[in-house]
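Coordinates from input.cif are shown below (mmCIF, C-alpha atoms and all ligand atoms).
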```cif
data_coords
#
loop_
_atom_site.label_atom_id
_atom_site.label_comp_id
_atom_site.auth_asym_id
_atom_site.auth_seq_id
_atom_site.Cartn_x
_atom_site.Cartn_y
_atom_site.Cartn_z
CA MET J 1345 43.83 16.45 137.13
CA LYS J 1346 44.93 12.80 137.04
CA VAL J 1347 42.95 10.43 139.25
CA LEU J 1348 43.53 6.76 140.11
CA LEU J 1349 40.36 4.77 140.77
CA THR J 1350 40.98 1.61 142.78
CA GLY J 1351 38.23 -0.92 142.03
CA GLY J 1352 37.30 1.31 139.11
CA LEU J 1353 35.84 -1.46 136.96
CA GLY J 1354 33.22 -2.29 139.60
CA TYR J 1355 29.66 -1.02 139.78
CA ILE J 1356 30.18 2.42 141.36
CA GLY J 1357 33.75 2.88 140.09
CA SER J 1358 32.78 2.41 136.42
CA HIS J 1359 29.99 4.99 136.66
CA THR J 1360 32.35 7.41 138.40
CA ALA J 1361 35.00 6.85 135.71
CA VAL J 1362 32.42 7.90 133.08
CA GLU J 1363 31.45 11.06 134.97
CA LEU J 1364 35.09 12.08 135.50
CA LEU J 1365 36.16 11.39 131.90
CA ASP J 1366 33.16 13.35 130.63
CA ASP J 1367 34.31 16.19 132.84
CA GLY J 1368 37.85 16.23 131.46
CA TYR J 1369 39.69 14.32 134.18
CA GLU J 1370 42.42 11.87 133.25
CA VAL J 1371 41.45 8.49 134.72
CA GLU J 1372 43.54 5.40 135.50
CA ILE J 1373 42.13 2.24 137.06
CA VAL J 1374 43.59 -0.55 139.16
CA ASP J 1375 41.34 -3.55 139.77
CA ASN J 1376 42.02 -7.24 140.39
CA LEU J 1377 38.76 -8.22 138.62
CA SER J 1378 37.63 -10.26 141.64
CA ASN J 1379 34.14 -8.79 141.20
CA SER J 1380 34.25 -7.17 137.75
CA LYS J 1381 35.12 -7.83 134.13
CA GLU J 1382 37.88 -6.41 131.96
CA GLU J 1383 35.36 -5.67 129.17
CA THR J 1384 33.95 -2.87 131.36
CA LYS J 1385 37.06 -0.82 130.50
CA GLY J 1386 36.03 -0.91 126.81
CA LYS J 1387 32.48 0.06 127.72
CA ILE J 1388 33.67 3.08 129.72
CA GLU J 1389 35.76 4.08 126.67
CA GLN J 1390 32.82 3.49 124.32
CA ILE J 1391 30.51 5.73 126.39
CA THR J 1392 33.01 8.55 126.82
CA GLY J 1393 35.11 8.29 123.64
CA LYS J 1394 38.18 8.57 125.90
CA LYS J 1395 41.00 6.19 126.79
CA VAL J 1396 41.55 4.68 130.22
CA VAL J 1397 44.81 3.19 131.48
CA PHE J 1398 44.03 -0.08 133.30
CA TYR J 1399 46.21 -2.19 135.62
CA LYS J 1400 45.01 -5.66 136.57
CA GLU J 1401 46.60 -5.85 140.01
CA ASP J 1402 45.65 -6.59 143.58
CA LEU J 1403 46.05 -3.77 146.11
CA CYS J 1404 47.21 -6.33 148.66
CA ASN J 1405 50.39 -6.69 146.59
CA ILE J 1406 52.36 -3.61 147.61
CA GLU J 1407 55.25 -4.17 145.14
CA LYS J 1408 52.84 -4.06 142.19
CA LEU J 1409 50.99 -1.08 143.63
CA ASP J 1410 54.30 0.72 144.12
CA GLU J 1411 55.12 0.23 140.41
CA ILE J 1412 51.78 1.80 139.46
CA PHE J 1413 52.40 4.80 141.72
CA LYS J 1414 55.97 5.21 140.44
CA LYS J 1415 54.62 5.77 136.92
CA GLY J 1416 51.35 7.47 137.82
CA LYS J 1417 52.02 10.92 139.37
CA TYR J 1418 48.43 11.07 140.60
CA ASP J 1419 46.74 14.20 141.88
CA ALA J 1420 44.08 12.20 143.73
CA ILE J 1421 42.93 8.68 144.53
CA ILE J 1422 39.35 7.42 144.77
CA HIS J 1423 39.39 4.19 146.73
CA PHE J 1424 36.49 1.88 145.78
CA ALA J 1425 38.34 -1.46 145.87
CA GLY J 1426 37.22 -3.91 148.49
CA LEU J 1427 34.96 -6.81 149.33
CA LYS J 1428 31.37 -5.79 150.02
CA ALA J 1429 29.02 -8.73 150.66
CA VAL J 1430 27.63 -8.43 154.17
CA GLY J 1431 26.64 -12.12 154.58
CA GLU J 1432 29.98 -13.35 153.23
CA SER J 1433 31.80 -11.09 155.70
CA VAL J 1434 30.05 -12.85 158.59
CA GLU J 1435 31.23 -16.24 157.28
CA GLN J 1436 34.75 -15.11 156.29
CA PRO J 1437 35.69 -12.24 158.62
CA LEU J 1438 39.46 -12.68 158.30
CA ARG J 1439 39.30 -12.51 154.50
CA TYR J 1440 37.32 -9.26 154.80
CA TYR J 1441 39.63 -7.69 157.39
CA GLU J 1442 42.72 -8.76 155.47
CA THR J 1443 41.56 -7.60 152.03
CA ASN J 1444 39.88 -4.35 152.98
CA LEU J 1445 42.38 -3.19 155.60
CA LEU J 1446 45.59 -4.38 153.93
CA SER J 1447 44.64 -2.88 150.57
CA THR J 1448 43.93 0.47 152.23
CA ILE J 1449 47.14 0.43 154.28
CA ASN J 1450 49.16 -0.38 151.14
CA LEU J 1451 47.42 2.43 149.31
CA LEU J 1452 48.16 4.92 152.10
CA LYS J 1453 51.83 3.81 152.18
CA CYS J 1454 52.16 4.44 148.44
CA MET J 1455 50.36 7.78 148.74
CA ARG J 1456 52.84 8.79 151.44
CA LYS J 1457 55.89 7.57 149.49
CA TYR J 1458 54.87 9.27 146.23
CA ASP J 1459 53.50 12.37 147.97
CA VAL J 1460 49.88 12.04 146.80
CA LYS J 1461 47.82 14.37 148.96
CA LYS J 1462 44.12 13.76 148.13
CA LEU J 1463 41.98 10.70 148.94
CA ILE J 1464 38.28 9.96 148.56
CA PHE J 1465 37.05 6.80 150.25
CA SER J 1466 33.89 4.69 149.73
CA SER J 1467 32.35 4.13 153.12
CA SER J 1468 28.84 3.00 153.87
CA ALA J 1469 25.68 3.81 155.78
CA CYS J 1470 26.23 0.51 157.55
CA VAL J 1471 28.79 2.17 159.86
CA TYR J 1472 25.89 3.85 161.72
CA SER J 1473 24.28 2.44 164.82
CA MET J 1474 20.70 1.53 164.04
CA ASP J 1475 19.71 3.26 167.31
CA ASN J 1476 20.37 6.68 165.78
CA GLU J 1477 17.47 9.00 165.25
CA LEU J 1478 16.29 9.30 161.66
CA PRO J 1479 17.48 10.66 159.33
CA PHE J 1480 21.09 9.53 159.93
CA LYS J 1481 23.49 12.44 160.42
CA GLU J 1482 27.26 12.26 159.96
CA THR J 1483 27.61 13.01 163.68
CA GLY J 1484 25.48 9.97 164.64
CA LYS J 1485 26.66 7.06 166.74
CA LEU J 1486 28.79 4.55 164.83
CA SER J 1487 28.30 0.85 165.50
CA PRO J 1488 28.35 -1.49 162.50
CA LEU J 1489 26.48 -4.79 162.77
CA ASN J 1490 28.85 -7.02 160.79
CA PRO J 1491 32.54 -7.49 159.85
CA TYR J 1492 32.06 -5.73 156.48
CA GLY J 1493 30.75 -2.62 158.23
CA ARG J 1494 33.55 -2.81 160.79
CA THR J 1495 36.16 -2.80 157.99
CA LYS J 1496 34.60 0.47 156.77
CA LEU J 1497 34.66 2.00 160.25
CA PHE J 1498 38.27 0.90 160.90
CA ILE J 1499 39.37 2.27 157.53
CA GLU J 1500 37.69 5.60 158.30
CA GLU J 1501 39.73 5.76 161.52
CA ILE J 1502 42.98 4.74 159.77
CA ILE J 1503 42.47 7.48 157.18
CA LYS J 1504 41.82 10.10 159.89
CA ASP J 1505 44.98 9.02 161.76
CA GLU J 1506 47.06 9.21 158.58
CA CYS J 1507 45.69 12.68 157.77
CA PHE J 1508 46.70 13.80 161.27
CA ALA J 1509 50.13 12.18 161.08
CA ARG J 1510 50.98 13.52 157.64
CA GLY J 1511 49.51 16.96 158.03
CA ASP J 1512 49.42 17.45 154.25
CA LEU J 1513 46.97 14.64 153.39
CA SER J 1514 43.31 15.54 152.90
CA ALA J 1515 40.53 13.00 152.68
CA ILE J 1516 36.81 12.89 152.04
CA ILE J 1517 34.92 9.90 153.38
CA LEU J 1518 31.66 9.29 151.55
CA ARG J 1519 29.04 7.17 153.31
CA TYR J 1520 26.87 5.74 150.56
CA PHE J 1521 23.28 4.74 151.21
CA ASN J 1522 21.69 2.29 148.70
CA PRO J 1523 22.97 2.85 145.14
CA ILE J 1524 20.82 1.27 142.41
CA GLY J 1525 20.18 1.88 138.70
CA ALA J 1526 22.56 2.07 135.78
CA HIS J 1527 24.01 4.36 133.13
CA LYS J 1528 21.48 5.38 130.47
CA SER J 1529 23.54 3.71 127.71
CA GLY J 1530 22.70 0.31 129.22
CA LEU J 1531 26.38 -0.60 128.80
CA ILE J 1532 27.42 -0.52 132.46
CA GLY J 1533 25.43 -1.42 135.56
CA GLU J 1534 25.25 -3.80 138.49
CA ASP J 1535 26.03 -7.36 137.47
CA PRO J 1536 26.73 -9.53 140.53
CA ASN J 1537 27.98 -13.08 140.13
CA GLY J 1538 25.56 -15.83 141.13
CA ILE J 1539 22.27 -15.19 142.89
CA PRO J 1540 22.10 -11.51 143.89
CA ASN J 1541 21.98 -10.56 147.57
CA ASN J 1542 20.75 -7.05 146.91
CA LEU J 1543 17.24 -6.00 146.05
CA MET J 1544 17.51 -4.34 142.63
CA PRO J 1545 19.60 -6.95 140.77
CA TYR J 1546 17.25 -9.59 142.18
CA ILE J 1547 14.21 -7.68 140.88
CA THR J 1548 15.67 -7.17 137.39
CA ARG J 1549 16.47 -10.89 137.10
CA VAL J 1550 12.94 -11.85 138.12
CA ALA J 1551 11.59 -9.38 135.54
CA LEU J 1552 13.68 -11.05 132.83
CA GLY J 1553 12.61 -14.55 133.93
CA LYS J 1554 16.09 -15.53 135.17
CA LEU J 1555 14.74 -16.01 138.69
CA ASP J 1556 11.24 -17.19 139.56
CA HIS J 1557 10.11 -14.68 142.16
CA LEU J 1558 11.36 -12.15 144.68
CA ASN J 1559 11.26 -12.97 148.38
CA ILE J 1560 10.43 -9.82 150.32
CA PHE J 1561 12.19 -10.24 153.64
CA GLY J 1562 9.65 -9.29 156.30
CA HIS J 1563 6.29 -7.55 156.07
CA ASP J 1564 5.68 -7.00 159.77
CA TYR J 1565 8.03 -4.04 160.29
CA HIS J 1566 6.64 -0.88 161.87
CA THR J 1567 6.59 0.96 158.55
CA LYS J 1568 3.73 2.20 156.34
CA ASP J 1569 3.39 -1.13 154.49
CA GLY J 1570 5.33 -3.46 156.81
CA THR J 1571 8.46 -3.69 154.60
CA CYS J 1572 11.88 -2.12 155.29
CA ILE J 1573 12.72 1.44 154.29
CA ARG J 1574 15.99 2.45 152.59
CA ASP J 1575 17.46 5.52 150.92
CA TYR J 1576 17.89 4.39 147.30
CA ILE J 1577 20.13 6.65 145.22
CA HIS J 1578 20.75 6.52 141.46
CA VAL J 1579 24.31 5.33 140.85
CA VAL J 1580 24.87 8.19 138.37
CA ASP J 1581 23.91 10.73 141.06
CA LEU J 1582 26.29 8.94 143.42
CA ALA J 1583 29.04 9.05 140.77
CA ARG J 1584 28.50 12.80 140.37
CA GLY J 1585 28.99 13.10 144.13
CA HIS J 1586 32.59 11.95 143.62
CA LYS J 1587 33.22 14.70 141.10
CA LEU J 1588 31.91 17.25 143.59
CA ALA J 1589 34.11 15.71 146.28
CA LEU J 1590 37.12 16.15 143.96
CA ASP J 1591 36.17 19.82 143.51
CA LYS J 1592 35.96 20.20 147.29
CA ILE J 1593 39.17 18.36 148.14
CA LYS J 1594 41.30 20.72 146.04
CA ASP J 1595 41.21 23.28 148.88
CA LEU J 1596 40.49 20.98 151.80
CA LYS J 1597 42.74 20.54 154.81
CA GLY J 1598 42.19 17.42 156.94
CA CYS J 1599 39.37 14.91 156.71
CA GLU J 1600 35.62 15.36 156.18
CA VAL J 1601 32.73 12.89 156.15
CA TYR J 1602 29.60 13.17 154.01
CA ASN J 1603 26.50 11.05 153.57
CA LEU J 1604 25.54 10.43 149.95
CA GLY J 1605 21.83 9.66 149.80
CA THR J 1606 18.68 11.39 148.61
CA GLY J 1607 17.28 11.97 152.08
CA THR J 1608 14.10 10.08 151.17
CA GLY J 1609 13.20 6.59 152.30
CA TYR J 1610 11.28 4.11 150.14
CA SER J 1611 9.93 0.73 151.22
CA VAL J 1612 10.71 -2.54 149.45
CA LEU J 1613 7.12 -2.54 148.19
CA ASP J 1614 7.54 1.01 146.83
CA VAL J 1615 10.49 -0.24 144.78
CA VAL J 1616 8.69 -3.36 143.55
CA ASN J 1617 5.51 -1.46 142.66
CA THR J 1618 7.44 1.26 140.82
CA PHE J 1619 9.39 -1.40 138.92
CA ASN J 1620 6.19 -3.30 138.09
CA SER J 1621 4.56 -0.15 136.72
CA ILE J 1622 7.45 0.06 134.22
CA CYS J 1623 7.89 -3.57 133.21
CA GLY J 1624 4.23 -4.61 133.09
CA ASP J 1625 3.92 -6.48 136.39
CA LYS J 1626 6.59 -9.03 135.64
CA VAL J 1627 8.00 -9.08 139.16
CA ARG J 1628 6.18 -11.73 141.15
CA TYR J 1629 6.87 -11.62 144.87
CA GLU J 1630 6.17 -13.53 148.02
CA PHE J 1631 6.54 -12.43 151.61
CA ALA J 1632 9.28 -14.31 153.43
CA PRO J 1633 10.65 -14.14 156.99
CA ARG J 1634 12.81 -11.18 158.00
CA ARG J 1635 16.46 -11.35 156.91
CA GLU J 1636 18.82 -11.47 159.87
CA GLY J 1637 20.66 -8.21 160.48
CA ASP J 1638 18.29 -6.00 158.46
CA SER J 1639 17.37 -2.69 160.02
CA GLU J 1640 13.77 -1.56 159.81
CA CYS J 1641 14.39 1.86 158.40
CA ASN J 1642 17.33 4.00 157.41
CA TYR J 1643 17.78 7.07 155.29
CA ALA J 1644 20.26 9.91 155.12
CA ASP J 1645 20.29 13.43 156.35
CA ALA J 1646 21.60 14.73 153.03
CA SER J 1647 22.01 18.36 154.12
CA LYS J 1648 25.76 18.32 154.82
CA ALA J 1649 26.55 17.11 151.29
CA LYS J 1650 24.07 19.63 149.89
CA ASN J 1651 25.68 22.54 151.73
CA GLY J 1652 29.31 21.37 151.72
CA LEU J 1653 29.61 19.73 148.30
CA ASN J 1654 26.71 21.34 146.47
CA PHE J 1655 25.34 17.82 146.02
CA LYS J 1656 21.77 17.45 144.82
CA THR J 1657 20.28 14.30 143.35
CA LYS J 1658 18.59 14.50 139.94
CA TYR J 1659 17.03 11.10 139.47
CA SER J 1660 13.76 9.65 140.83
CA LEU J 1661 12.96 6.11 141.97
CA LYS J 1662 11.28 5.62 138.56
CA ASP J 1663 14.51 6.64 136.78
CA MET J 1664 16.46 4.20 138.95
CA CYS J 1665 14.09 1.33 138.10
CA GLU J 1666 13.96 2.17 134.37
CA SER J 1667 17.72 2.32 134.00
CA ALA J 1668 18.26 -0.90 135.98
CA TYR J 1669 15.69 -2.69 133.78
CA ASN J 1670 17.26 -1.27 130.62
CA TYR J 1671 20.70 -2.52 131.71
CA GLU J 1672 19.43 -6.02 132.54
CA LYS J 1673 17.64 -6.27 129.15
CA ASN J 1674 20.74 -5.07 127.33
CA ASN J 1675 22.96 -7.42 129.26
CA THR J 1676 20.71 -10.38 128.52
CA LYS J 1677 20.83 -9.98 124.73
CA LYS J 1678 24.53 -10.81 124.54
P1 LIG W 1 32.09 -3.73 143.25
O1 LIG W 1 32.40 -5.07 143.87
O2 LIG W 1 31.27 -3.69 142.02
O3 LIG W 1 33.47 -2.94 142.98
C1 LIG W 1 34.63 -3.14 143.76
C2 LIG W 1 35.77 -3.41 142.80
O4 LIG W 1 36.97 -3.60 143.55
C3 LIG W 1 35.56 -4.67 141.96
O5 LIG W 1 35.74 -4.36 140.60
C4 LIG W 1 36.64 -5.64 142.46
O6 LIG W 1 37.11 -6.47 141.42
C5 LIG W 1 37.70 -4.68 142.98
N1 LIG W 1 38.54 -5.22 144.05
C6 LIG W 1 38.16 -5.86 145.17
N2 LIG W 1 39.22 -6.16 145.93
C7 LIG W 1 40.31 -5.69 145.27
C8 LIG W 1 41.71 -5.70 145.55
N3 LIG W 1 42.20 -6.27 146.66
N4 LIG W 1 42.55 -5.13 144.65
C9 LIG W 1 42.06 -4.57 143.51
N5 LIG W 1 40.76 -4.53 143.21
C10 LIG W 1 39.89 -5.08 144.08
O7 LIG W 1 31.43 -2.85 144.41
P2 LIG W 1 30.69 -1.45 144.31
O8 LIG W 1 29.26 -1.66 144.59
O9 LIG W 1 31.11 -0.73 143.09
O10 LIG W 1 31.30 -0.75 145.61
C11 LIG W 1 32.45 0.09 145.54
C12 LIG W 1 32.82 0.50 146.97
O11 LIG W 1 31.70 1.13 147.59
C13 LIG W 1 33.17 -0.69 147.87
O12 LIG W 1 34.23 -0.31 148.71
C14 LIG W 1 31.90 -0.91 148.67
O13 LIG W 1 32.18 -1.49 149.93
C15 LIG W 1 31.38 0.50 148.82
N6 LIG W 1 29.92 0.58 149.04
C16 LIG W 1 29.06 -0.03 148.14
C17 LIG W 1 27.69 0.02 148.38
C18 LIG W 1 26.71 -0.66 147.44
O14 LIG W 1 25.56 -0.84 147.84
N7 LIG W 1 27.10 -1.02 146.22
C19 LIG W 1 27.16 0.69 149.50
C20 LIG W 1 28.08 1.29 150.38
C21 LIG W 1 29.45 1.23 150.14
N1 LIG W 2 15.45 -7.34 150.17
C1 LIG W 2 14.40 -8.22 149.96
N2 LIG W 2 14.63 -9.28 149.13
C2 LIG W 2 15.82 -9.50 148.51
C3 LIG W 2 16.89 -8.58 148.74
C4 LIG W 2 16.67 -7.51 149.59
O1 LIG W 2 13.31 -8.06 150.50
O2 LIG W 2 15.95 -10.51 147.78
C5 LIG W 2 15.22 -6.18 151.06
C6 LIG W 2 16.11 -6.19 152.29
O3 LIG W 2 15.51 -6.94 153.31
C7 LIG W 2 16.21 -4.70 152.60
C8 LIG W 2 16.11 -4.02 151.23
O4 LIG W 2 15.55 -5.00 150.35
O5 LIG W 2 15.09 -4.33 153.35
C9 LIG W 2 17.45 -3.57 150.70
O6 LIG W 2 18.35 -4.67 150.76
P1 LIG W 2 19.77 -4.68 150.02
O7 LIG W 2 20.38 -6.01 150.29
O8 LIG W 2 19.60 -4.27 148.61
O9 LIG W 2 20.57 -3.50 150.74
P2 LIG W 2 20.95 -3.29 152.29
O10 LIG W 2 20.22 -2.08 152.76
O11 LIG W 2 20.79 -4.51 153.08
O12 LIG W 2 22.51 -3.00 152.19
C10 LIG W 2 23.09 -2.20 151.14
C11 LIG W 2 24.46 -2.74 150.78
C12 LIG W 2 25.44 -2.53 151.90
C13 LIG W 2 25.44 -1.08 152.30
C14 LIG W 2 24.04 -0.63 152.66
C15 LIG W 2 24.04 0.83 152.96
O13 LIG W 2 24.39 -4.13 150.48
O14 LIG W 2 26.73 -2.85 151.46
O15 LIG W 2 23.16 -0.87 151.56
O16 LIG W 2 22.76 1.22 153.40
F1 LIG W 2 26.24 -0.91 153.36
#
```

Can you present the structure in this file as structure tokens?
Ligand code: NAD
Ligand code: UFG
Amino acid sequence: MKVLLTGGLGYIGSHTAVELLDDGYEVEIVDNLSNSKEETKGKIEQITGKKVVFYKEDLCNIEKLDEIFKKGKYDAIIHFAGLKAVGESVEQPLRYYETNLLSTINLLKCMRKYDVKKLIFSSSACVYSMDNELPFKETGKLSPLNPYGRTKLFIEEIIKDECFARGDLSAIILRYFNPIGAHKSGLIGEDPNGIPNNLMPYITRVALGKLDHLNIFGHDYHTKDGTCIRDYIHVVDLARGHKLALDKIKDLKGCEVYNLGTGTGYSVLDVVNTFNSICGDKVRYEFAPRREGDSECNYADASKAKNGLNFKTKYSLKDMCESAYNYEKNNTKK
């Protein structure tokens, strides 16, 4: 099976490429490198011992995308490409709507023209209304809090409409919870530009002395230790979820939605304490005011993916912290 990964040199895409290549899939990648590096292609090849065809193109450019599809003869597409920084999306909503929606519409046009019938899409837990009962179920109320989340919700709807209109297109929408960690090789991982917004890359940089201390946003939430709760999932488990979705989509008609999480919530302090037990208490932290837009607590109902995709996570919070630390150390040497 030949699969095109859009945004495949990014954090989740690169780990998925490794899992698919290891499993015998033929993988091609299109990425504009707006949030990734070309050297990641070589690292994917180094880990797997297999070759990857890479196109440095922007999905917003339909002529270039068309050329890729003309050559490709893909059996399936996994669509990771997009902008993903929540805060930035509040400041630059039009850039987010334009990039995320236009790239998806172009992709769907090419899939229609070249008769590609299988699509897996990276959605997010942030499409859920925070009023839903915990754990979040796929059938829960949808009401994203920011433009980034709204792009995900709109894309979900566009994909459902296109499945209905075409009749022969099947899609799996995966709503990721909080992916962290890295591949065990230490060659690929999460490497954001500038000062990280997300918790784990911030922690690893404090541990390596690149940042002074972690600010924990809020310690007066109604949780066991006052800090927010999230469903952290090892990125390699998440990547394996895509392989299972590809297995499922072979015989699927229409569109299905699955949460990808572990089903367990951990607090920010749980993550910091676990990390500190591994690195020898190098992560200094201070309590800071709440971050605007943060929800107190969210974690997945993971039962639909378990039953429908046979998805079960393997890795613990300790594994996630160890692999993230290993990647940051490895990345710092060079
Ligand atoms: P990432 O930024 O590491 O990867 C996205 C990749 O897409 C990057 O390599 C970037 O260069 C590329 N890209 C962006 N716009 C493009 C365009 N117009 N044309 C071609 N390439 C383009 O992000 P990630 O963490 O790997 O996330 C992958 C997907 O999963 C995204 O759609 C993201 O919104 C979604 N998601 C991520 C998380 C998370 O916490 N990381 C959670 C939920 C959903
Ligand atoms: N946090 C801190 N200090 C930091 C960074 C984060 O205390 O320096 C806290 C946050 O307040 C939150 C938790 O750590 O309580 C996790 O924050 P992240 O920024 O790592 O992740 P979010 O849950 O805010 O959002 C992430 C992705 C979204 C995705 C969502 C899905 O950034 O794209 O998970 O649940 F949609």

Expected selection as an MDAnalysis selection string for ligand LIG 2 (chain W) within 6 Å, only C-alpha atoms and all ligand atoms: chainID J and resid 1428 1468:1470 1521:1522 1541:1543 1546 1558:1561 1572 1612 1635 1638

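Compared by their closest atoms to Ile1388 in chain J, and using only C-alpha atoms, the residues J:Thr1443, J:Ser1487, J:Ser1529, J:Thr1448 rank with J:Ser1529 nearest.
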
Find the residues around range 1601-1609 of chain J up to 7 Å (all atoms listed in the file counted), leave out those fewer than 2 positions away in its own chain, and share them as a short mmCIF file (atom, residue, chain, number, x, y, z; two decimals) with C-alpha atoms, keeping the file's coordinate frame.
```cif
data_model
loop_
_atom_site.label_atom_id
_atom_site.label_comp_id
_atom_site.auth_asym_id
_atom_site.auth_seq_id
_atom_site.Cartn_x
_atom_site.Cartn_y
_atom_site.Cartn_z
CA GLU J 1482 27.26 12.26 159.96
CA ILE J 1516 36.81 12.89 152.04
CA ILE J 1517 34.92 9.90 153.38
CA LEU J 1518 31.66 9.29 151.55
CA ARG J 1519 29.04 7.17 153.31
CA TYR J 1520 26.87 5.74 150.56
CA PHE J 1521 23.28 4.74 151.21
CA ILE J 1573 12.72 1.44 154.29
CA ARG J 1574 15.99 2.45 152.59
CA ASP J 1575 17.46 5.52 150.92
CA ILE J 1577 20.13 6.65 145.22
CA LEU J 1582 26.29 8.94 143.42
CA CYS J 1599 39.37 14.91 156.71
CA SER J 1611 9.93 0.73 151.22
CA TYR J 1643 17.78 7.07 155.29
CA ALA J 1644 20.26 9.91 155.12
CA ASP J 1645 20.29 13.43 156.35
CA ALA J 1646 21.60 14.73 153.03
CA LYS J 1648 25.76 18.32 154.82
CA ALA J 1649 26.55 17.11 151.29
CA THR J 1657 20.28 14.30 143.35
#
```

Expected selection as a count of residues only for ligand LIG 1 (chain W) within 8 Å, all atoms listed in the file: 50

For Ile1532 in chain J: contacts at 7 Å, only C-alpha atoms, fewer than 3 positions along chain excluded, given as a ChimeraX atom specification: /J:1387,1526-1527

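The coordinates place CA of Met1345 in chain J at 18.6 Å from CA of Arg1456 in chain J.
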
Using only C-alpha atoms: which of J:Ser1639, J:Asn1651, J:Thr1548, J:Gln1390 has the shortest distance to Lys1626 in chain J: J:Thr1548

Contacts of Ile1622 in chain J within 9 Å, all atoms listed in the file, excl. fewer than 6 positions in-chain, as a list in words: Lys1662, Cys1665, Glu1666 and Tyr1669 of chain J

d(CA of Arg1494 in chain J, CA of Glu1432 in chain J) in Å: 13.5 Å

Selected residue, from J:Lys1481, J:Lys1587, J:His1557, J:His1578, that lies nearest to Asp1625 in chain J when counting only C-alpha atoms: J:His1557

CA of Ile1421 in chain J to CA of Lys1346 in chain J, distance in Å rounded to a single decimal: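 A separation of 8.8 Å between them.
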
Nearest to Phe1655 in chain J, chosen from J:Asp1591, J:Asp1366, J:Asp1459, J:Asp1505, with only C-alpha atoms counted in the distances: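 For Phe1655 in chain J, the nearest of the given residues is J:Asp1591.
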
Pick from J:Val1550, J:Leu1364, J:Ile1412, J:Leu1478 nearest to Glu1672 in chain J, counting all atoms listed in the file: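 Ranked by minimum distance to Glu1672 in chain J, first place goes to J:Val1550.
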
Residues within 9 Å of (47.9, -3.1, 148.8), counting all atoms listed in the file, listed as an MDAnalysis selection string: chainID J and resid 1402:1410 1443 1445:1454

Residue nearest Tyr1629 in chain J - candidates J:Asn1617, J:Tyr1399, J:Lys1462, J:Thr1676, atoms counted: only C-alpha atoms: J:Asn1617

Distance query Glu1506 in chain J at most 10 Å, all atoms listed in the file, self and fewer than 2 positions along chain excluded, as a PyMOL selection string: chain J and resi 1449+1452-1453+1456+1501-1504+1508-1515+1598-1599
